[in-house]
>>> print(open('query.cif').read())   # mmCIF, C-alpha atoms; chains and numbers go by the auth columns
data_upload
#
loop_
_atom_site.group_PDB
_atom_site.id
_atom_site.type_symbol
_atom_site.label_atom_id
_atom_site.label_comp_id
_atom_site.label_asym_id
_atom_site.label_seq_id
_atom_site.Cartn_x
_atom_site.Cartn_y
_atom_site.Cartn_z
_atom_site.B_iso_or_equiv
_atom_site.auth_seq_id
_atom_site.auth_asym_id
ATOM 1 C CA ARG A 1 15.155 -4.326 -13.111 0.00 1033 A
ATOM 2 C CA LYS A 2 11.955 -2.254 -13.197 0.00 1034 A
ATOM 3 C CA GLU A 3 8.799 -4.118 -14.094 0.00 1035 A
ATOM 4 C CA VAL A 4 7.953 -1.674 -16.867 0.00 1036 A
ATOM 5 C CA GLU A 5 10.528 0.395 -18.721 0.00 1037 A
ATOM 6 C CA GLN A 6 10.125 3.053 -21.374 0.00 1038 A
ATOM 7 C CA ASP A 7 12.231 5.281 -23.586 0.00 1039 A
ATOM 8 C CA PRO A 8 13.658 7.936 -21.279 0.00 1040 A
ATOM 9 C CA GLY A 9 12.785 10.872 -23.544 0.00 1041 A
ATOM 10 C CA PRO A 10 11.979 13.700 -23.731 0.00 1042 A
ATOM 11 C CA PHE A 11 10.896 13.681 -27.342 0.00 1043 A
ATOM 12 C CA ASN A 12 10.746 17.066 -29.039 0.00 1044 A
ATOM 13 C CA VAL A 13 9.204 16.835 -32.500 0.00 1045 A
ATOM 14 C CA PRO A 14 7.767 19.311 -35.018 0.00 1046 A
ATOM 15 C CA GLU A 15 4.082 19.376 -35.842 0.00 1047 A
ATOM 16 C CA GLY A 16 3.163 16.738 -38.391 0.00 1048 A
ATOM 17 C CA ALA A 17 5.991 14.403 -37.429 0.00 1049 A
ATOM 18 C CA THR A 18 5.590 10.724 -36.664 0.00 1050 A
ATOM 19 C CA VAL A 19 6.882 9.597 -33.283 0.00 1051 A
ATOM 20 C CA ALA A 20 7.203 6.133 -31.757 0.00 1052 A
ATOM 21 C CA PHE A 21 7.387 5.170 -28.100 0.00 1053 A
ATOM 22 C CA ASN A 22 8.746 1.860 -26.865 0.00 1054 A
ATOM 23 C CA CYS A 23 7.991 -0.047 -23.711 0.00 1055 A
ATOM 24 C CA THR A 24 9.210 -3.342 -22.286 0.00 1056 A
ATOM 25 C CA TYR A 25 7.874 -5.342 -19.374 0.00 1057 A
ATOM 26 C CA SER A 26 9.567 -8.034 -17.328 0.00 1058 A
ATOM 27 C CA ASN A 27 6.756 -9.930 -15.626 0.00 1059 A
ATOM 28 C CA SER A 28 5.470 -12.832 -17.684 0.00 1060 A
ATOM 29 C CA ALA A 29 2.232 -12.750 -15.668 0.00 1061 A
ATOM 30 C CA SER A 30 1.382 -9.480 -17.373 0.00 1062 A
ATOM 31 C CA GLN A 31 -1.997 -9.913 -18.946 0.00 1063 A
ATOM 32 C CA SER A 32 -3.322 -6.591 -20.208 0.00 1064 A
ATOM 33 C CA PHE A 33 -1.581 -3.575 -21.622 0.00 1065 A
ATOM 34 C CA PHE A 34 -2.489 0.036 -22.073 0.00 1066 A
ATOM 35 C CA TRP A 35 -1.168 3.403 -23.076 0.00 1067 A
ATOM 36 C CA TYR A 36 -2.174 6.298 -20.871 0.00 1068 A
ATOM 37 C CA ARG A 37 -1.611 9.975 -21.378 0.00 1069 A
ATOM 38 C CA GLN A 38 -0.880 12.325 -18.504 0.00 1070 A
ATOM 39 C CA ASP A 39 -0.937 16.085 -18.770 0.00 1071 A
ATOM 40 C CA CYS A 40 0.992 18.133 -16.248 0.00 1072 A
ATOM 41 C CA ARG A 41 -0.534 17.996 -12.751 0.00 1073 A
ATOM 42 C CA LYS A 42 -3.493 15.925 -13.929 0.00 1074 A
ATOM 43 C CA GLU A 43 -4.572 12.336 -13.474 0.00 1075 A
ATOM 44 C CA PRO A 44 -3.654 9.849 -16.227 0.00 1076 A
ATOM 45 C CA LYS A 45 -6.249 9.246 -18.913 0.00 1077 A
ATOM 46 C CA LEU A 46 -6.621 6.094 -20.960 0.00 1078 A
ATOM 47 C CA LEU A 47 -5.402 6.590 -24.504 0.00 1079 A
ATOM 48 C CA MET A 48 -5.890 3.059 -25.771 0.00 1080 A
ATOM 49 C CA SER A 49 -5.665 -0.589 -24.866 0.00 1081 A
ATOM 50 C CA VAL A 50 -3.061 -2.703 -26.620 0.00 1082 A
ATOM 51 C CA TYR A 51 -3.949 -6.001 -28.242 0.00 1083 A
ATOM 52 C CA SER A 52 -1.748 -8.742 -29.630 0.00 1084 A
ATOM 53 C CA SER A 53 -3.156 -8.195 -33.093 0.00 1085 A
ATOM 54 C CA GLY A 54 -2.281 -4.529 -32.962 0.00 1086 A
ATOM 55 C CA ASN A 55 -4.875 -1.810 -32.928 0.00 1087 A
ATOM 56 C CA GLU A 56 -5.345 1.630 -34.357 0.00 1088 A
ATOM 57 C CA ASP A 57 -7.341 4.635 -33.221 0.00 1089 A
ATOM 58 C CA GLY A 58 -7.112 7.513 -35.622 0.00 1090 A
ATOM 59 C CA ARG A 59 -3.525 8.749 -35.614 0.00 1091 A
ATOM 60 C CA PHE A 60 -2.519 6.331 -32.881 0.00 1092 A
ATOM 61 C CA THR A 61 -1.349 2.758 -33.430 0.00 1093 A
ATOM 62 C CA ALA A 62 -0.420 0.348 -30.662 0.00 1094 A
ATOM 63 C CA GLN A 63 1.442 -2.922 -31.026 0.00 1095 A
ATOM 64 C CA LEU A 64 2.158 -5.769 -28.607 0.00 1096 A
ATOM 65 C CA ASN A 65 4.745 -8.495 -28.940 0.00 1097 A
ATOM 66 C CA ARG A 66 4.242 -10.971 -26.104 0.00 1098 A
ATOM 67 C CA ALA A 67 7.237 -13.095 -27.060 0.00 1099 A
ATOM 68 C CA SER A 68 9.558 -10.097 -26.769 0.00 1100 A
ATOM 69 C CA GLN A 69 7.530 -8.519 -23.947 0.00 1101 A
ATOM 70 C CA TYR A 70 7.470 -5.318 -25.926 0.00 1102 A
ATOM 71 C CA ILE A 71 4.807 -2.675 -26.501 0.00 1103 A
ATOM 72 C CA SER A 72 4.857 0.291 -28.834 0.00 1104 A
ATOM 73 C CA LEU A 73 2.822 3.385 -29.576 0.00 1105 A
ATOM 74 C CA LEU A 74 3.027 5.241 -32.862 0.00 1106 A
ATOM 75 C CA ILE A 75 1.637 8.728 -33.272 0.00 1107 A
ATOM 76 C CA ARG A 76 1.280 10.021 -36.808 0.00 1108 A
ATOM 77 C CA ASP A 77 0.826 13.634 -37.898 0.00 1109 A
ATOM 78 C CA SER A 78 1.651 14.985 -34.421 0.00 1110 A
ATOM 79 C CA LYS A 79 -0.455 17.863 -33.132 0.00 1111 A
ATOM 80 C CA LEU A 80 0.460 20.463 -30.543 0.00 1112 A
ATOM 81 C CA SER A 81 -2.243 18.963 -28.335 0.00 1113 A
ATOM 82 C CA ASP A 82 -0.372 15.653 -28.290 0.00 1114 A
ATOM 83 C CA SER A 83 2.222 17.196 -25.969 0.00 1115 A
ATOM 84 C CA ALA A 84 2.028 15.186 -22.754 0.00 1116 A
ATOM 85 C CA THR A 85 3.677 12.316 -20.924 0.00 1117 A
ATOM 86 C CA TYR A 86 2.808 8.885 -22.291 0.00 1118 A
ATOM 87 C CA LEU A 87 2.649 6.061 -19.797 0.00 1119 A
ATOM 88 C CA CYS A 88 2.926 2.396 -20.625 0.00 1120 A
ATOM 89 C CA VAL A 89 0.698 0.469 -18.225 0.00 1121 A
ATOM 90 C CA VAL A 90 0.663 -3.228 -17.489 0.00 1122 A
ATOM 91 C CA ASN A 91 -1.940 -5.259 -15.617 0.00 1123 A
ATOM 92 C CA ILE A 92 -0.300 -8.154 -13.769 0.00 1124 A
ATOM 93 C CA VAL A 93 -2.254 -11.174 -12.613 0.00 1125 A
ATOM 94 C CA THR A 94 -1.336 -12.049 -9.037 0.00 1126 A
ATOM 95 C CA LYS A 95 -1.909 -15.091 -6.877 0.00 1127 A
ATOM 96 C CA THR A 96 -4.417 -13.175 -4.824 0.00 1128 A
ATOM 97 C CA SER A 97 -7.902 -12.174 -5.915 0.00 1129 A
ATOM 98 C CA TYR A 98 -6.825 -8.902 -7.494 0.00 1130 A
ATOM 99 C CA ASP A 99 -4.567 -7.768 -10.263 0.00 1131 A
ATOM 100 C CA LYS A 100 -1.795 -5.198 -9.956 0.00 1132 A
ATOM 101 C CA VAL A 101 -1.568 -2.240 -12.276 0.00 1133 A
ATOM 102 C CA ILE A 102 1.979 -1.050 -12.864 0.00 1134 A
ATOM 103 C CA PHE A 103 2.952 2.161 -14.628 0.00 1135 A
ATOM 104 C CA GLY A 104 6.074 2.724 -16.633 0.00 1136 A
ATOM 105 C CA PRO A 105 8.152 5.818 -15.907 0.00 1137 A
ATOM 106 C CA GLY A 106 6.601 7.667 -18.831 0.00 1138 A
ATOM 107 C CA THR A 107 8.022 9.372 -21.886 0.00 1139 A
ATOM 108 C CA SER A 108 7.538 13.084 -22.307 0.00 1140 A
ATOM 109 C CA LEU A 109 6.513 14.403 -25.724 0.00 1141 A
ATOM 110 C CA SER A 110 6.657 18.031 -26.789 0.00 1142 A
ATOM 111 C CA VAL A 111 5.264 18.890 -30.201 0.00 1143 A
ATOM 112 C CA ILE A 112 6.756 22.114 -31.464 0.00 1144 A
ATOM 113 C CA PRO A 113 5.040 24.523 -33.882 0.00 1145 A
ATOM 114 C CA GLY B 1 -19.770 6.265 -17.173 0.00 1350 B
ATOM 115 C CA ALA B 2 -18.057 5.177 -14.028 0.00 1351 B
ATOM 116 C CA VAL B 3 -16.536 7.937 -11.957 0.00 1352 B
ATOM 117 C CA VAL B 4 -14.056 7.944 -9.133 0.00 1353 B
ATOM 118 C CA SER B 5 -13.969 11.014 -6.917 0.00 1354 B
ATOM 119 C CA GLN B 6 -11.016 11.954 -4.767 0.00 1355 B
ATOM 120 C CA HIS B 7 -10.992 14.537 -1.996 0.00 1356 B
ATOM 121 C CA PRO B 8 -9.370 16.882 -1.159 0.00 1357 B
ATOM 122 C CA SER B 9 -7.765 18.024 -4.408 0.00 1358 B
ATOM 123 C CA TRP B 10 -5.244 20.208 -2.578 0.00 1359 B
ATOM 124 C CA VAL B 11 -4.135 20.140 1.029 0.00 1360 B
ATOM 125 C CA ILE B 12 -1.434 21.957 2.946 0.00 1361 B
ATOM 126 C CA CYS B 13 -0.595 20.704 6.404 0.00 1362 B
ATOM 127 C CA LYS B 14 1.971 21.294 9.082 0.00 1363 B
ATOM 128 C CA SER B 15 4.768 18.843 9.655 0.00 1364 B
ATOM 129 C CA GLY B 16 3.793 16.236 12.224 0.00 1365 B
ATOM 130 C CA THR B 17 0.085 16.310 11.552 0.00 1366 B
ATOM 131 C CA SER B 18 -1.999 13.656 9.777 0.00 1367 B
ATOM 132 C CA VAL B 19 -3.919 14.047 6.563 0.00 1368 B
ATOM 133 C CA LYS B 20 -6.758 11.887 5.240 0.00 1369 B
ATOM 134 C CA ILE B 21 -7.512 11.509 1.547 0.00 1370 B
ATOM 135 C CA GLU B 22 -10.750 9.929 0.396 0.00 1371 B
ATOM 136 C CA CYS B 23 -11.400 7.961 -2.768 0.00 1372 B
ATOM 137 C CA ARG B 24 -15.010 7.235 -3.698 0.00 1373 B
ATOM 138 C CA SER B 25 -16.489 5.274 -6.542 0.00 1374 B
ATOM 139 C CA LEU B 26 -19.637 7.210 -7.391 0.00 1375 B
ATOM 140 C CA ASP B 27 -21.677 4.826 -9.485 0.00 1376 B
ATOM 141 C CA PHE B 28 -20.138 1.423 -9.107 0.00 1377 B
ATOM 142 C CA GLN B 29 -18.915 -0.892 -6.385 0.00 1378 B
ATOM 143 C CA ALA B 30 -15.172 -1.242 -6.165 0.00 1379 B
ATOM 144 C CA THR B 31 -13.868 -4.282 -4.341 0.00 1380 B
ATOM 145 C CA THR B 32 -10.344 -3.171 -5.089 0.00 1381 B
ATOM 146 C CA MET B 33 -8.819 0.295 -5.115 0.00 1382 B
ATOM 147 C CA PHE B 34 -5.225 1.247 -5.731 0.00 1383 B
ATOM 148 C CA TRP B 35 -3.241 4.101 -4.221 0.00 1384 B
ATOM 149 C CA TYR B 36 -0.366 5.699 -6.117 0.00 1385 B
ATOM 150 C CA ARG B 37 2.122 8.439 -5.360 0.00 1386 B
ATOM 151 C CA GLN B 38 3.810 10.594 -7.945 0.00 1387 B
ATOM 152 C CA PHE B 39 6.755 12.893 -7.282 0.00 1388 B
ATOM 153 C CA PRO B 40 7.495 15.720 -9.741 0.00 1389 B
ATOM 154 C CA LYS B 41 8.767 14.493 -13.107 0.00 1390 B
ATOM 155 C CA GLN B 42 8.429 10.877 -12.029 0.00 1391 B
ATOM 156 C CA SER B 43 5.910 8.194 -12.831 0.00 1392 B
ATOM 157 C CA LEU B 44 3.121 6.894 -10.658 0.00 1393 B
ATOM 158 C CA MET B 45 4.390 4.479 -8.040 0.00 1394 B
ATOM 159 C CA LEU B 46 1.963 1.919 -6.674 0.00 1395 B
ATOM 160 C CA MET B 47 1.850 2.250 -2.902 0.00 1396 B
ATOM 161 C CA ALA B 48 -0.777 -0.266 -1.918 0.00 1397 B
ATOM 162 C CA THR B 49 -3.803 -2.212 -2.967 0.00 1398 B
ATOM 163 C CA SER B 50 -6.888 -1.637 -0.887 0.00 1399 B
ATOM 164 C CA ASN B 51 -9.348 -4.523 -0.598 0.00 1400 B
ATOM 165 C CA GLU B 52 -12.830 -4.033 0.788 0.00 1401 B
ATOM 166 C CA GLY B 53 -13.226 -5.638 4.181 0.00 1402 B
ATOM 167 C CA SER B 54 -9.618 -6.730 4.551 0.00 1403 B
ATOM 168 C CA LYS B 55 -6.172 -5.317 5.153 0.00 1404 B
ATOM 169 C CA ALA B 56 -4.424 -3.422 2.419 0.00 1405 B
ATOM 170 C CA THR B 57 -1.489 -4.967 0.625 0.00 1406 B
ATOM 171 C CA TYR B 58 1.511 -2.650 0.612 0.00 1407 B
ATOM 172 C CA GLU B 59 4.276 -2.518 -1.953 0.00 1408 B
ATOM 173 C CA GLN B 60 7.849 -3.008 -0.883 0.00 1409 B
ATOM 174 C CA GLY B 61 9.302 0.067 0.732 0.00 1410 B
ATOM 175 C CA VAL B 62 5.972 1.635 1.684 0.00 1411 B
ATOM 176 C CA GLU B 63 5.492 2.008 5.443 0.00 1412 B
ATOM 177 C CA LYS B 64 2.088 0.656 6.364 0.00 1413 B
ATOM 178 C CA ASP B 65 2.129 2.403 9.741 0.00 1414 B
ATOM 179 C CA LYS B 66 2.727 5.732 8.060 0.00 1415 B
ATOM 180 C CA PHE B 67 0.266 5.330 5.197 0.00 1416 B
ATOM 181 C CA LEU B 68 -2.894 3.931 6.722 0.00 1417 B
ATOM 182 C CA ILE B 69 -5.424 2.579 4.275 0.00 1418 B
ATOM 183 C CA ASN B 70 -9.001 1.749 5.122 0.00 1419 B
ATOM 184 C CA HIS B 71 -11.524 0.269 2.682 0.00 1420 B
ATOM 185 C CA ALA B 72 -14.568 -0.059 4.877 0.00 1421 B
ATOM 186 C CA SER B 73 -17.178 -0.102 2.125 0.00 1422 B
ATOM 187 C CA LEU B 74 -17.463 -0.977 -1.539 0.00 1423 B
ATOM 188 C CA THR B 75 -17.472 2.697 -2.492 0.00 1424 B
ATOM 189 C CA LEU B 76 -14.911 4.287 -0.194 0.00 1425 B
ATOM 190 C CA SER B 77 -11.222 3.879 0.498 0.00 1426 B
ATOM 191 C CA THR B 78 -9.186 6.311 2.582 0.00 1427 B
ATOM 192 C CA LEU B 79 -5.463 6.969 2.752 0.00 1428 B
ATOM 193 C CA THR B 80 -4.175 8.642 5.910 0.00 1429 B
ATOM 194 C CA VAL B 81 -0.665 10.055 5.889 0.00 1430 B
ATOM 195 C CA THR B 82 0.327 10.011 9.537 0.00 1431 B
ATOM 196 C CA SER B 83 2.897 12.356 11.076 0.00 1432 B
ATOM 197 C CA ALA B 84 3.458 13.952 7.704 0.00 1433 B
ATOM 198 C CA HIS B 85 6.851 15.412 6.844 0.00 1434 B
ATOM 199 C CA PRO B 86 7.933 17.631 3.962 0.00 1435 B
ATOM 200 C CA GLU B 87 9.305 14.630 2.084 0.00 1436 B
ATOM 201 C CA ASP B 88 5.753 13.239 1.979 0.00 1437 B
ATOM 202 C CA SER B 89 4.711 16.171 -0.203 0.00 1438 B
ATOM 203 C CA SER B 90 3.540 14.600 -3.418 0.00 1439 B
ATOM 204 C CA PHE B 91 0.619 13.906 -5.762 0.00 1440 B
ATOM 205 C CA TYR B 92 -1.477 11.036 -4.424 0.00 1441 B
ATOM 206 C CA ILE B 93 -3.973 9.368 -6.731 0.00 1442 B
ATOM 207 C CA CYS B 94 -6.350 6.472 -6.405 0.00 1443 B
ATOM 208 C CA SER B 95 -7.864 4.179 -8.963 0.00 1444 B
ATOM 209 C CA ALA B 96 -10.676 1.659 -8.795 0.00 1445 B
ATOM 210 C CA THR B 97 -11.990 -1.272 -10.773 0.00 1446 B
ATOM 211 C CA PRO B 98 -15.725 -1.957 -11.014 0.00 1447 B
ATOM 212 C CA ARG B 99 -16.686 -5.340 -9.683 0.00 1448 B
ATOM 213 C CA ARG B 100 -18.678 -6.621 -12.604 0.00 1449 B
ATOM 214 C CA PHE B 101 -16.857 -4.998 -15.493 0.00 1450 B
ATOM 215 C CA SER B 102 -13.819 -6.252 -17.260 0.00 1451 B
ATOM 216 C CA PRO B 103 -10.828 -6.392 -14.925 0.00 1452 B
ATOM 217 C CA ASN B 104 -9.034 -4.369 -17.527 0.00 1453 B
ATOM 218 C CA THR B 105 -11.073 -1.280 -16.707 0.00 1454 B
ATOM 219 C CA ILE B 106 -9.270 1.222 -14.529 0.00 1455 B
ATOM 220 C CA TYR B 107 -10.821 4.483 -13.334 0.00 1456 B
ATOM 221 C CA PHE B 108 -8.748 7.195 -11.705 0.00 1457 B
ATOM 222 C CA GLY B 109 -9.622 9.817 -9.155 0.00 1458 B
ATOM 223 C CA GLU B 110 -8.614 13.386 -9.862 0.00 1459 B
ATOM 224 C CA GLY B 111 -5.649 13.151 -7.510 0.00 1460 B
ATOM 225 C CA SER B 112 -4.694 15.002 -4.346 0.00 1461 B
ATOM 226 C CA TRP B 113 -1.782 17.392 -4.036 0.00 1462 B
ATOM 227 C CA LEU B 114 -0.267 17.242 -0.551 0.00 1463 B
ATOM 228 C CA THR B 115 2.155 19.901 0.622 0.00 1464 B
ATOM 229 C CA VAL B 116 3.682 19.502 4.065 0.00 1465 B
ATOM 230 C CA VAL B 117 5.246 22.660 5.472 0.00 1466 B
#
>>> encode(input="query.cif", output="C-alpha cells")
Amino acid sequence: RKEVEQDPGPFNVPEGATVAFNCTYSNSASQSFFWYRQDCRKEPKLLMSVYSSGNEDGRFTAQLNRASQYISLLIRDSKLSDSATYLCVVNIVTKTSYDKVIFGPGTSLSVIP
Amino acid sequence: GAVVSQHPSWVICKSGTSVKIECRSLDFQATTMFWYRQFPKQSLMLMATSNEGSKATYEQGVEKDKFLINHASLTLSTLTVTSAHPEDSSFYICSATPRRFSPNTIYFGEGSWLTVV
C-alpha cells in the first residue's frame, strides 16, 4: 500500500463549482500535513498546511482526521486559475535526525469556462 | 524569504555520460535536503535524503551507485546521475529545510529537466 493515496482524478468542473479532494495516509508516524499545488512542468508550491482543527484560506478549506488518517481539501467557487495538480503531502517523523516528506500521487483539476 | 536554487534547469546529455545537478540554499543553512524525481503525469518520488557531512539515505529501489549525492556544505547538495540512459530522463527536484525554522517548512528548487539521448 502506498504511504499517501489520493483520488485518482482527473476532475473536470465548471467555473464556480465546489470541488473536494480526498487523501489518506498509512504511516501513523505522520506528523504534519500539507496541500501543494503543481502547475505543469513547474515545482510544487505550498497551498496550505492542514491542522487538526481544520483551517480555511479564502476559497480553500482543509480538514484533517487523525483517527481516520484522512485529509481533505475543499475548493469553493472554482476559478480557471485553479486548474493544476493538487498534491497531498505528509511529513513523517523517522528514527533518525530528519523527517521524510512524502507526496501523494496528485489529483488533476481542470476548471472549464 | 528562504530560497532554494537548482541548476541547471534543463540539460540534454548523451547516453553513457554523467550529469551533475546542484541544489543551493541561498539564504539559510540546510542540514537536510531531499531529492525527488518526477516522471510525466506521475507524482514526485522521493529518491534520497541528503544530510550535511554524512552519507545520503536512499529510498528503496534507488541505486546509490547510479545517483550519487554529495552534501558537502550546509548550503549545497549535488545529485550526479552516472552513466545516464534514456530511461533516466525525468524532472529532478530538490527541497531543503532551514535548520532553525519549523521542521514543517519545505522549500523547493525550481527543478531540473534531464533528457538523455
>>> interface_residues(input="query.cif", of="chain A", to="chain B", cutoff="9 Å", atoms="only C-alpha atoms", output="PyMOL selection string")
chain A and resi 1064-1065+1073-1078+1081+1119+1123+1130-1138
>>> residues_around(input="query.cif", residues="Ser1110 (chain A)", least_positions_apart="6", cutoff="9 Å", atoms="all atoms listed in the file", output="number ranges by chain")
A: 1045-1051, 1091, 1143
>>> resolve_selection(input="query.cif", expression="the PyMOL selection byres ((chain A and resi 1116-1118) around 9)", output="list in words")
Pro1042, Phe1053, Trp1067, Tyr1068, Arg1069, Gln1070, Asp1071, Cys1072, Pro1076, Leu1079, Ser1113, Asp1114, Ser1115, Leu1119, Cys1120, Gly1136, Pro1137, Gly1138, Thr1139, Ser1140, Leu1141, Ser1142 and Val1143 of chain A
>>> residues_near_point(input="query.cif", point="(2.6, 6.5, 5.7)", cutoff="9 Å", atoms="all atoms listed in the file", output="ChimeraX atom specification")
/B:1411-1417,1428-1433,1437
>>> write_last_selection(input="query.cif", atoms="C-alpha atoms", output="CSV table (one decimal), keeping the file's coordinate frame")
chain,number,residue,atom,x,y,z
B,1411,VAL,CA,6.0,1.6,1.7
B,1412,GLU,CA,5.5,2.0,5.4
B,1413,LYS,CA,2.1,0.7,6.4
B,1414,ASP,CA,2.1,2.4,9.7
B,1415,LYS,CA,2.7,5.7,8.1
B,1416,PHE,CA,0.3,5.3,5.2
B,1417,LEU,CA,-2.9,3.9,6.7
B,1428,LEU,CA,-5.5,7.0,2.8
B,1429,THR,CA,-4.2,8.6,5.9
B,1430,VAL,CA,-0.7,10.1,5.9
B,1431,THR,CA,0.3,10.0,9.5
B,1432,SER,CA,2.9,12.4,11.1
B,1433,ALA,CA,3.5,14.0,7.7
B,1437,ASP,CA,5.8,13.2,2.0
>>> resolve_selection(input="query.cif", expression="the PyMOL selection byres ((chain B and resi 1427) around 8)", output="mmCIF file with C-alpha atoms, in the coordinates of the input")
data_model
loop_
_atom_site.group_PDB
_atom_site.id
_atom_site.type_symbol
_atom_site.label_atom_id
_atom_site.label_comp_id
_atom_site.auth_asym_id
_atom_site.auth_seq_id
_atom_site.Cartn_x
_atom_site.Cartn_y
_atom_site.Cartn_z
ATOM 1 C CA LYS B 1369 -6.758 11.887 5.240
ATOM 2 C CA ILE B 1370 -7.512 11.509 1.547
ATOM 3 C CA GLU B 1371 -10.750 9.929 0.396
ATOM 4 C CA CYS B 1372 -11.400 7.961 -2.768
ATOM 5 C CA LEU B 1417 -2.894 3.931 6.722
ATOM 6 C CA ILE B 1418 -5.424 2.579 4.275
ATOM 7 C CA ASN B 1419 -9.001 1.749 5.122
ATOM 8 C CA HIS B 1420 -11.524 0.269 2.682
ATOM 9 C CA LEU B 1425 -14.911 4.287 -0.194
ATOM 10 C CA SER B 1426 -11.222 3.879 0.498
ATOM 11 C CA LEU B 1428 -5.463 6.969 2.752
ATOM 12 C CA THR B 1429 -4.175 8.642 5.910
#
>>> residues_near_point(input="query.cif", point="(3.6, -6.7, -14.1)", cutoff="8 Å", atoms="all atoms listed in the file", output="list in words")
Glu1035, Val1036, Tyr1057, Ser1058, Asn1059, Ser1060, Ala1061, Ser1062, Val1122, Asn1123, Ile1124, Val1125, Lys1132, Val1133 and Ile1134 of chain A
>>> closest_residue(input="query.cif", among="A:Ile1103, A:Asn1044, A:Val1121, A:Asp1109", to="Ser1085 (chain A)", atoms="all atoms listed in the file")
A:Ile1103
>>> atom_distance(input="query.cif", atom1="CA of Val1466 (chain B)", atom2="CA of Glu1436 (chain B)")
9.6 Å
>>> atom_distance(input="query.cif", atom1="CA of Gln1063 (chain A)", atom2="CA of Arg1098 (chain A)")
9.6 Å
>>> atom_distance(input="query.cif", atom1="CA of Ser1367 (chain B)", atom2="CA of Val1465 (chain B)")
10.0 Å
>>> axis_aligned_box(input="query.cif", around="region 1420-1425 of chain B", padding_each_side="3 Å", output="AutoDock Vina command-line options")
--center_x -14.5 --center_y 1.7 --center_z 1.2 --size_x 11.9 --size_y 11.3 --size_z 13.4
